[in-house]
$ cat upload23.cif   # mmCIF, C-alpha atoms and all ligand atoms
data_coords
loop_
_atom_site.label_atom_id
_atom_site.label_comp_id
_atom_site.auth_asym_id
_atom_site.auth_seq_id
_atom_site.Cartn_x
_atom_site.Cartn_y
_atom_site.Cartn_z
CA MET A 1 12.65 6.85 33.17
CA TYR A 2 11.21 3.57 34.24
CA ARG A 3 7.67 4.82 34.03
CA VAL A 4 8.27 6.31 30.62
CA HIS A 5 9.71 3.03 29.45
CA CYS A 6 6.79 1.03 30.76
CA PHE A 7 4.40 3.43 29.14
CA VAL A 8 6.11 3.17 25.76
CA TRP A 9 6.30 -0.59 26.05
CA ALA A 10 2.59 -0.78 26.83
CA ILE A 11 1.74 1.27 23.77
CA ALA A 12 4.05 -0.81 21.60
CA MET A 13 2.50 -4.05 22.77
CA GLN A 14 -0.95 -2.67 22.23
CA VAL A 15 -0.55 -1.20 18.76
CA VAL A 16 0.63 -4.30 16.93
CA SER A 17 -2.66 -6.08 17.49
CA LYS A 18 -5.20 -7.24 14.95
CA ASP A 19 -7.71 -4.71 16.22
CA GLU A 20 -5.28 -1.84 15.85
CA ILE A 21 -4.30 -2.95 12.34
CA PHE A 22 -8.01 -3.17 11.50
CA ARG A 23 -8.63 0.33 12.87
CA LEU A 24 -5.73 1.81 10.89
CA LEU A 25 -6.70 -0.06 7.74
CA LYS A 26 -10.28 1.17 7.96
CA LYS A 27 -9.21 4.74 8.69
CA PHE A 28 -6.80 4.84 5.73
CA CYS A 29 -9.17 3.04 3.32
CA GLU A 30 -11.98 5.49 4.05
CA ALA A 31 -9.89 8.19 2.35
CA VAL A 32 -10.71 8.90 -1.29
CA ALA A 33 -7.17 9.38 -2.55
CA PRO A 34 -6.03 8.06 -5.92
CA SER A 35 -2.50 8.76 -7.20
CA GLY A 36 -1.73 12.48 -7.31
CA PHE A 37 -4.73 13.30 -5.11
CA GLU A 38 -3.48 11.95 -1.76
CA ASP A 39 -4.59 14.87 0.49
CA ASP A 40 -7.26 12.94 2.39
CA VAL A 41 -5.12 9.92 3.24
CA ARG A 42 -2.05 12.08 3.92
CA GLN A 43 -3.84 13.90 6.73
CA ARG A 44 -4.87 10.58 8.31
CA VAL A 45 -1.30 9.23 8.11
CA ILE A 46 0.12 12.40 9.70
CA GLU A 47 -2.36 12.07 12.59
CA GLU A 48 -1.23 8.51 13.27
CA LEU A 49 2.53 9.04 12.90
CA GLU A 50 3.03 12.49 14.42
CA PRO A 51 2.79 11.52 18.13
CA TYR A 52 5.54 8.90 17.65
CA ALA A 53 7.95 10.84 15.42
CA ASP A 54 10.94 12.98 16.41
CA LYS A 55 10.53 14.89 13.14
CA LEU A 56 7.84 14.80 10.48
CA TRP A 57 7.41 16.75 7.27
CA VAL A 58 5.65 16.69 3.91
CA ASP A 59 8.02 17.13 0.96
CA ALA A 60 7.35 18.88 -2.34
CA MET A 61 5.99 15.70 -3.95
CA GLY A 62 3.54 15.20 -1.07
CA ASN A 63 5.34 12.29 0.61
CA VAL A 64 4.99 12.16 4.41
CA ILE A 65 8.37 11.56 6.04
CA ALA A 66 8.46 10.67 9.76
CA VAL A 67 11.78 10.15 11.53
CA LYS A 68 12.45 8.22 14.68
CA LYS A 69 15.98 8.85 15.93
CA GLY A 70 18.09 5.83 16.75
CA ARG A 71 21.67 5.57 17.99
CA GLY A 72 23.04 7.13 14.80
CA GLU A 73 24.50 3.99 13.21
CA GLY A 74 22.83 4.56 9.86
CA LYS A 75 19.56 5.33 8.11
CA LEU A 76 16.78 2.90 7.22
CA MET A 77 14.03 4.07 4.89
CA LEU A 78 10.65 2.33 5.09
CA ALA A 79 8.23 2.98 2.23
CA ALA A 80 4.51 2.26 1.97
CA HIS A 81 2.42 4.03 -0.63
CA MET A 82 -0.59 6.17 0.23
CA ASP A 83 -2.13 6.38 -3.22
CA GLU A 84 -4.66 3.95 -4.66
CA ILE A 85 -5.69 3.20 -8.22
CA GLY A 86 -8.70 5.21 -9.34
CA LEU A 87 -10.45 6.82 -12.26
CA MET A 88 -10.30 10.30 -13.78
CA ILE A 89 -13.24 11.95 -15.47
CA SER A 90 -12.23 12.70 -19.06
CA ALA A 91 -15.50 13.98 -20.55
CA ILE A 92 -19.09 14.73 -19.57
CA THR A 93 -21.72 13.87 -22.17
CA LYS A 94 -24.55 16.29 -22.88
CA GLU A 95 -26.95 13.70 -21.43
CA GLY A 96 -25.05 13.91 -18.11
CA PHE A 97 -22.95 10.72 -18.16
CA LEU A 98 -19.25 10.74 -17.20
CA LYS A 99 -16.57 9.15 -19.35
CA PHE A 100 -13.32 8.24 -17.60
CA VAL A 101 -9.75 7.02 -17.97
CA PRO A 102 -7.90 4.82 -15.47
CA ILE A 103 -5.38 6.10 -12.92
CA GLY A 104 -3.18 3.02 -12.52
CA GLY A 105 -3.80 -0.58 -13.49
CA TRP A 106 -7.51 -1.45 -13.70
CA ARG A 107 -8.79 -4.41 -15.64
CA ASP A 108 -11.95 -3.84 -17.68
CA GLN A 109 -13.73 -6.82 -16.07
CA VAL A 110 -13.81 -5.45 -12.52
CA LEU A 111 -15.43 -2.11 -13.29
CA PRO A 112 -19.01 -2.72 -14.48
CA GLY A 113 -21.53 -2.96 -11.66
CA GLN A 114 -19.47 -0.88 -9.22
CA ARG A 115 -20.56 2.06 -7.13
CA VAL A 116 -18.05 4.90 -7.23
CA LEU A 117 -17.24 7.96 -5.14
CA ILE A 118 -16.35 11.03 -7.17
CA LYS A 119 -14.34 13.81 -5.56
CA THR A 120 -15.48 17.26 -6.63
CA LEU A 121 -13.24 20.29 -7.02
CA SER A 122 -14.37 21.62 -3.64
CA GLY A 123 -13.53 18.29 -1.99
CA GLY A 124 -17.12 17.06 -1.77
CA ILE A 125 -18.12 13.50 -2.60
CA VAL A 126 -20.74 12.49 -5.18
CA ARG A 127 -21.92 8.90 -5.53
CA GLY A 128 -22.27 7.30 -8.94
CA VAL A 129 -22.46 3.88 -10.57
CA ILE A 130 -20.70 2.27 -13.51
CA GLY A 131 -23.63 0.97 -15.45
CA ILE A 132 -23.70 -1.19 -18.53
CA LYS A 133 -26.15 -1.75 -21.32
CA PRO A 134 -28.78 -4.28 -20.11
CA PRO A 135 -27.87 -7.82 -21.28
CA HIS A 136 -31.35 -8.01 -22.83
CA VAL A 137 -30.35 -5.56 -25.53
CA MET A 138 -26.85 -6.99 -26.10
CA LYS A 139 -26.07 -9.09 -29.14
CA PRO A 140 -25.15 -12.68 -28.03
CA GLU A 141 -21.43 -12.29 -28.91
CA GLU A 142 -21.34 -8.89 -27.13
CA ALA A 143 -22.81 -10.39 -23.94
CA LYS A 144 -19.92 -12.86 -23.67
CA GLN A 145 -17.08 -10.32 -23.75
CA ALA A 146 -15.64 -7.94 -21.18
CA ILE A 147 -16.70 -4.43 -22.07
CA PRO A 148 -13.69 -2.24 -22.82
CA MET A 149 -13.22 0.63 -20.37
CA THR A 150 -13.53 3.13 -23.20
CA GLU A 151 -17.19 2.10 -23.59
CA LEU A 152 -18.02 2.36 -19.88
CA PHE A 153 -19.49 5.44 -18.20
CA ILE A 154 -20.46 6.70 -14.75
CA ASP A 155 -24.08 7.58 -14.00
CA VAL A 156 -24.57 10.14 -11.20
CA GLY A 157 -28.28 10.45 -11.79
CA ALA A 158 -27.97 13.66 -13.78
CA SER A 159 -29.97 14.49 -16.90
CA SER A 160 -27.60 17.00 -18.46
CA ARG A 161 -24.01 18.21 -18.51
CA GLU A 162 -25.11 21.35 -16.67
CA GLU A 163 -26.57 19.28 -13.84
CA VAL A 164 -23.27 17.36 -13.50
CA GLU A 165 -21.36 20.63 -13.39
CA ARG A 166 -23.68 21.96 -10.68
CA MET A 167 -22.65 18.93 -8.58
CA GLY A 168 -19.07 20.24 -8.74
CA ILE A 169 -17.81 17.52 -11.09
CA THR A 170 -15.52 18.62 -13.91
CA VAL A 171 -13.18 17.02 -16.40
CA GLY A 172 -10.19 16.10 -14.20
CA SER A 173 -12.29 15.10 -11.17
CA VAL A 174 -11.25 11.74 -9.71
CA ALA A 175 -13.17 8.70 -8.50
CA VAL A 176 -12.58 5.48 -6.57
CA MET A 177 -14.71 2.40 -5.92
CA ASP A 178 -17.23 2.76 -3.10
CA ARG A 179 -16.44 -0.05 -0.62
CA ASP A 180 -16.15 -0.16 3.15
CA VAL A 181 -13.63 -2.32 4.97
CA GLU A 182 -15.47 -5.28 6.51
CA ARG A 183 -14.61 -8.58 8.18
CA LEU A 184 -15.56 -11.80 6.36
CA GLY A 185 -17.02 -14.93 7.98
CA ASN A 186 -13.58 -15.66 9.40
CA PRO A 187 -12.99 -12.45 11.39
CA ASP A 188 -9.25 -12.60 10.66
CA ARG A 189 -10.04 -12.11 6.96
CA VAL A 190 -11.08 -8.65 5.82
CA THR A 191 -12.27 -7.23 2.52
CA GLY A 192 -12.28 -3.79 0.96
CA ARG A 193 -10.68 -1.66 -1.73
CA ALA A 194 -7.27 0.03 -1.68
CA PHE A 195 -5.68 -2.54 0.64
CA ASP A 196 -2.94 -1.94 -1.95
CA ASP A 197 -1.30 -0.28 -0.16
CA ARG A 198 -3.24 1.04 2.81
CA VAL A 199 -2.44 -2.24 4.60
CA GLY A 200 1.25 -1.48 4.01
CA LEU A 201 0.65 1.94 5.56
CA ALA A 202 -1.06 0.35 8.57
CA VAL A 203 1.86 -2.09 8.97
CA MET A 204 4.43 0.70 8.65
CA VAL A 205 2.63 2.90 11.20
CA ALA A 206 2.31 0.00 13.67
CA ALA A 207 5.98 -0.96 13.24
CA PHE A 208 7.20 2.64 13.49
CA ARG A 209 5.41 3.09 16.81
CA ALA A 210 6.86 -0.13 18.20
CA ILE A 211 10.47 0.64 17.24
CA GLU A 212 12.44 1.67 20.30
CA ASP A 213 16.08 2.37 20.86
CA SER A 214 17.03 1.25 17.37
CA PRO A 215 20.68 1.37 16.22
CA VAL A 216 19.63 3.22 13.04
CA ASP A 217 17.45 6.26 12.44
CA VAL A 218 14.19 5.09 10.91
CA TYR A 219 12.57 7.16 8.15
CA ALA A 220 8.98 6.00 7.60
CA VAL A 221 7.83 7.37 4.26
CA ALA A 222 4.21 7.31 3.17
CA THR A 223 4.81 7.74 -0.55
CA VAL A 224 2.71 9.27 -3.31
CA GLN A 225 2.05 8.13 -6.88
CA GLU A 226 3.36 4.56 -6.60
CA GLU A 227 0.63 3.17 -8.82
CA VAL A 228 1.57 5.50 -11.66
CA GLY A 229 5.32 4.88 -11.75
CA LEU A 230 6.86 4.67 -8.24
CA LYS A 231 7.32 8.42 -8.25
CA GLY A 232 7.24 9.50 -4.60
CA ALA A 233 9.67 6.83 -3.41
CA ARG A 234 12.24 7.87 -5.99
CA THR A 235 12.47 11.48 -4.82
CA ALA A 236 12.15 10.66 -1.11
CA ALA A 237 15.00 8.15 -1.35
CA PHE A 238 17.14 10.78 -3.06
CA ALA A 239 16.48 13.28 -0.27
CA ILE A 240 17.00 10.83 2.59
CA ALA A 241 19.97 8.96 1.06
CA PRO A 242 19.37 5.93 3.30
CA ASP A 243 21.89 3.13 3.88
CA LEU A 244 19.14 0.67 3.02
CA GLY A 245 15.45 0.60 2.19
CA LEU A 246 12.48 -1.62 2.81
CA ALA A 247 9.18 -1.39 0.93
CA ILE A 248 6.02 -2.68 2.56
CA ASP A 249 3.34 -3.52 0.02
CA VAL A 250 0.81 -6.15 -0.95
CA THR A 251 1.63 -9.12 -3.15
CA VAL A 252 -0.38 -11.62 -5.16
CA ALA A 253 -2.15 -14.39 -3.25
CA ALA A 254 -3.62 -16.54 -6.01
CA ASP A 255 -4.65 -19.33 -3.60
CA VAL A 256 -8.11 -19.70 -5.09
CA PRO A 257 -10.02 -22.34 -7.10
CA GLY A 258 -8.83 -22.81 -10.65
CA VAL A 259 -5.22 -21.86 -9.96
CA PRO A 260 -2.68 -24.70 -9.66
CA GLU A 261 -0.78 -24.66 -6.36
CA HIS A 262 2.53 -23.86 -8.05
CA GLU A 263 1.04 -20.58 -9.27
CA TYR A 264 -0.30 -19.32 -5.94
CA VAL A 265 2.74 -17.02 -5.44
CA THR A 266 1.62 -16.65 -1.79
CA CYS A 267 -1.27 -17.79 0.40
CA ILE A 268 -3.19 -15.58 2.81
CA GLY A 269 -2.86 -16.50 6.48
CA ARG A 270 0.61 -18.04 6.21
CA GLY A 271 2.58 -14.99 7.25
CA PRO A 272 4.15 -12.01 5.50
CA ALA A 273 6.14 -12.70 2.35
CA ILE A 274 9.83 -11.93 2.01
CA LYS A 275 10.50 -10.99 -1.59
CA VAL A 276 13.22 -12.53 -3.71
CA MET A 277 12.17 -11.12 -7.08
CA ASP A 278 9.27 -9.38 -8.82
CA GLY A 279 8.42 -7.89 -12.19
CA ARG A 280 8.37 -9.83 -15.42
CA SER A 281 11.68 -11.71 -15.73
CA GLY A 282 13.16 -9.74 -12.84
CA SER A 283 12.52 -6.36 -14.45
CA GLY A 284 11.02 -5.15 -11.16
CA LEU A 285 13.22 -5.93 -8.19
CA ILE A 286 15.79 -8.52 -7.27
CA ALA A 287 16.07 -8.00 -3.52
CA HIS A 288 19.51 -7.42 -2.04
CA PRO A 289 20.58 -10.91 -0.87
CA ALA A 290 21.88 -9.74 2.51
CA ILE A 291 18.67 -7.89 3.31
CA ARG A 292 16.54 -10.81 2.13
CA ASP A 293 18.59 -13.20 4.28
CA LEU A 294 18.49 -10.96 7.34
CA LEU A 295 14.70 -10.76 7.00
CA ILE A 296 14.52 -14.57 6.86
CA ARG A 297 16.84 -14.98 9.84
CA THR A 298 14.85 -12.39 11.80
CA ALA A 299 11.58 -14.20 11.11
CA ARG A 300 13.09 -17.54 12.21
CA GLU A 301 14.62 -16.13 15.39
CA GLU A 302 11.42 -14.32 16.36
CA GLY A 303 9.13 -17.24 15.50
CA ILE A 304 7.27 -15.19 12.90
CA PRO A 305 5.68 -17.28 10.11
CA TYR A 306 6.85 -16.16 6.66
CA GLN A 307 6.68 -17.09 2.98
CA ILE A 308 9.28 -16.63 0.27
CA GLU A 309 7.94 -14.75 -2.67
CA VAL A 310 8.78 -14.76 -6.36
CA ALA A 311 6.15 -12.62 -8.07
CA PRO A 312 5.75 -13.02 -11.82
CA GLY A 313 4.64 -9.43 -12.42
CA GLY A 314 4.25 -6.05 -10.79
CA THR A 315 6.71 -4.30 -8.51
CA THR A 316 6.88 -1.85 -5.61
CA ASP A 317 8.57 1.31 -4.34
CA ALA A 318 11.65 -0.82 -3.59
CA SER A 319 12.52 -0.77 -7.32
CA ALA A 320 12.60 3.02 -7.38
CA MET A 321 14.56 3.27 -4.12
CA GLN A 322 17.13 0.78 -5.39
CA LEU A 323 17.97 2.90 -8.43
CA THR A 324 18.21 6.24 -6.65
CA ARG A 325 21.58 7.99 -6.29
CA GLU A 326 24.45 5.53 -6.61
CA GLY A 327 22.15 2.61 -5.77
CA ILE A 328 20.53 1.70 -2.47
CA PRO A 329 20.31 -1.88 -1.15
CA VAL A 330 16.63 -2.75 -0.68
CA GLY A 331 14.24 -5.50 0.28
CA THR A 332 10.48 -5.89 0.39
CA ILE A 333 8.03 -7.29 2.91
CA SER A 334 4.67 -8.16 1.35
CA ILE A 335 1.23 -8.73 2.75
CA PRO A 336 -0.40 -11.54 0.73
CA THR A 337 -3.65 -10.21 -0.79
CA ARG A 338 -6.28 -11.84 -2.97
CA TYR A 339 -7.98 -10.01 -5.85
CA ILE A 340 -5.46 -7.13 -5.91
CA HIS A 341 -6.59 -4.11 -7.90
CA SER A 342 -10.28 -4.90 -7.43
CA ALA A 343 -12.93 -3.57 -5.05
CA VAL A 344 -13.02 -6.81 -3.06
CA GLU A 345 -9.42 -7.34 -2.00
CA VAL A 346 -9.05 -9.91 0.81
CA LEU A 347 -6.24 -10.32 3.34
CA SER A 348 -5.46 -11.75 6.77
CA LEU A 349 -5.06 -9.34 9.71
CA GLU A 350 -2.69 -11.86 11.33
CA ASP A 351 -0.38 -11.57 8.30
CA ALA A 352 -0.37 -7.78 8.71
CA VAL A 353 0.41 -8.03 12.44
CA ASN A 354 3.28 -10.41 11.68
CA ALA A 355 4.56 -8.10 8.93
CA ALA A 356 4.73 -5.26 11.49
CA ARG A 357 6.54 -7.51 13.98
CA LEU A 358 9.03 -8.49 11.27
CA VAL A 359 9.78 -4.86 10.37
CA THR A 360 10.34 -3.94 14.03
CA ALA A 361 12.57 -6.94 14.74
CA PHE A 362 14.56 -6.41 11.51
CA THR A 363 15.27 -2.80 12.48
CA LYS A 364 16.93 -3.89 15.73
CA ARG A 365 19.37 -6.13 13.84
CA ILE A 366 20.82 -3.45 11.57
CA ASN A 367 23.92 -1.63 12.73
CA ARG A 368 26.92 0.26 11.39
CA SER A 369 29.24 -2.75 11.15
CA TRP A 370 26.65 -4.83 9.26
CA ILE A 371 26.03 -1.95 6.87
CA GLU A 372 29.75 -1.43 6.26
CA SER A 373 30.77 -5.06 5.99
CA VAL A 374 27.79 -6.57 4.21
CA LEU A 375 26.00 -3.86 2.24
CA ARG A 376 29.09 -1.92 1.19
CA ARG A 377 32.71 -2.98 1.38
CA THR A 378 35.94 -1.09 1.12
CA VAL A 379 38.46 -3.60 -0.15
CA LYS A 380 41.50 -1.43 -0.25
CO CO A 401 -0.93 -1.72 -6.75
ZN ZN A 402 0.99 -1.38 -4.06
#
$ encode --input "upload23.cif" --output "structure tokens"
Amino acid sequence: MYRVHCFVWAIAMQVVSKDEIFRLLKKFCEAVAPSGFEDDVRQRVIEELEPYADKLWVDAMGNVIAVKKGRGEGKLMLAAHMDEIGLMISAITKEGFLKFVPIGGWRDQVLPGQRVLIKTLSGGIVRGVIGIKPPHVMKPEEAKQAIPMTELFIDVGASSREEVERMGITVGSVAVMDRDVERLGNPDRVTGRAFDDRVGLAVMVAAFRAIEDSPVDVYAVATVQEEVGLKGARTAAFAIAPDLGLAIDVTVAADVPGVPEHEYVTCIGRGPAIKVMDGRSGSGLIAHPAIRDLLIRTAREEGIPYQIEVAPGGTTDASAMQLTREGIPVGTISIPTRYIHSAVEVLSLEDAVNAARLVTAFTKRINRSWIESVLRRTVK
């Protein structure tokens, strides 16, 4: 028993390190897996969770659900989404260019000049670029404006539709930006695409491994199709029927030149954010006050730096969990991220490590009496 304990403790101490978060982040981000096409990332998540789970399965939607048994005092559902925003090929021109539509929320401005990876029907990868008309042939007013996505195209170097089809690309093939995960000048700061929400996945995996002897059973759910309507979390929450839920996702860090300080939302490097509200005018989530407060108390008691977050737009899987069944009390832990929904997202590894520590420490503080007296009350 002692040896086993020491062994587990050693693993737990080791996994919530910056290097381990970086390894997980890189492994998950290397998957080409936009919403609805999560196969590649799903396999990587299963590999990382399976050795630490008492049970693990993939449901009909494609969510990965890993369970770590606790002392049976309740059920906590963690959710981090596996999917990323991407593109879907909608037409192939006879000259061999690919037209596309967005999967999830892209802005027109971030697409031109990108390299993309297109997934073929057989699972192969073809590289392409999103080119634009040379500025030399643009009219002056045209050169000033963002080019609408409907006018953009992908060039895979083909000369005809037949050549594109021989590459295995069809209408319905999907694509993502072609970017590796790399450290910036400050090695704590990393850049890449799909940090939304592969960093949440990395945090959830690290926390799940470190959770030991928890009062509640922990269901770590790597969800599908978050970016296209929070779909996987909704059905997984229905199946699990947890006593409470916690989403782990990125949030806006607008701490860059040109933005006044009161509009930063969060700053990178100042710790994970504990959400109070998101979505326009609260249409996303208003976190359950008791969960929000327990997260804050946990961070204080553990000496984990944290930020309080009120996000003016966007939301997470927590919103879908909250409105499943008769209502589920939920909260959200966010990893502050700059340039969300672009190919050059930037975050702090330290923030991710601290987010994982916060999840683990929070889990220890939940028990049956707290659930029954604070989250739900029988008055008479
Ligand atoms: Co997103
Ligand atoms: Zn997200």
$ residues_around --input "upload23.cif" --residues "Phe28 of chain A" --least-positions-apart "6" --cutoff "12 Å" --atoms "all atoms listed in the file" --output "VMD selection string"
chain A and resid 21 to 22 38 to 48 81 to 84 180 to 181 192 to 203 205 222
$ residues_near_point --input "upload23.cif" --point "(-22.6, 19.3, -8.9)" --cutoff "10 Å" --atoms "all atoms listed in the file" --output "list in words"
Thr120, Leu121, Gly124, Ile125, Val126, Val156, Ala158, Arg161, Glu162, Glu163, Val164, Glu165, Arg166, Met167, Gly168, Ile169 and Thr170 of chain A
$ residues_near_ligand --input "upload23.cif" --ligand "ligand CO 401 (chain A)" --cutoff "8 Å" --atoms "all atoms listed in the file" --output "PyMOL selection string"
chain A and resi 84-85+104-105+196-197+226-227+250+314+316+340-341
$ residues_around --input "upload23.cif" --residues "Asn367 of chain A" --least-positions-apart "2" --cutoff "8 Å" --atoms "only C-alpha atoms" --output "number ranges by chain"
A: 73-74, 215-216, 364-365, 369-371
$ closest_residue --input "upload23.cif" --among "A:Val276, A:Ala254, A:Leu49, A:Ile308" --to "Gly331 of chain A" --atoms "only C-alpha atoms"
A:Val276
$ closest_residue --input "upload23.cif" --among "A:Ile366, A:Glu50, A:Arg115, A:Val224" --to "ligand ZN 402 (chain A)" --atoms "only C-alpha atoms and all ligand atoms"
A:Val224
$ atom_distance --input "upload23.cif" --atom1 "atom CA of Gln145 of chain A" --atom2 "atom CA of Ser35 of chain A"
29.2 Å
$ closest_residue --input "upload23.cif" --among "A:Asp217, A:Asp317, A:Asp54, A:Asp351" --to "ligand ZN 402 (chain A)" --atoms "all atoms listed in the file"
A:Asp317
$ residues_around --input "upload23.cif" --residues "Ser159 of chain A" --least-positions-apart "4" --cutoff "10 Å" --atoms "all atoms listed in the file" --output "ChimeraX atom specification"
/A:93-97,155,163-164
$ closest_residue --input "upload23.cif" --among "A:Gly185, A:Gly172, A:Gly229, A:Pro305" --to "ligand ZN 402 (chain A)" --atoms "all atoms listed in the file"
A:Gly229
$ closest_residue --input "upload23.cif" --among "A:Val64, A:Leu56, A:Pro112, A:Asp178" --to "Pro134 of chain A" --atoms "all atoms listed in the file"
A:Pro112
$ closest_residue --input "upload23.cif" --among "A:Arg71, A:Ala206, A:Asn186, A:Pro102" --to "Arg23 of chain A" --atoms "all atoms listed in the file"
A:Ala206
$ atom_distance --input "upload23.cif" --atom1 "atom CA of Val330 of chain A" --atom2 "atom CA of Ile291 of chain A"
6.8 Å
$ atom_distance --input "upload23.cif" --atom1 "atom CA of Lys68 of chain A" --atom2 "atom CA of Met204 of chain A"
12.5 Å
$ residues_around --input "upload23.cif" --residues "Thr251 of chain A" --least-positions-apart "4" --cutoff "7 Å" --atoms "only C-alpha atoms" --output "list in words"
Ser334, Ile335, Pro336 and Thr337 of chain A
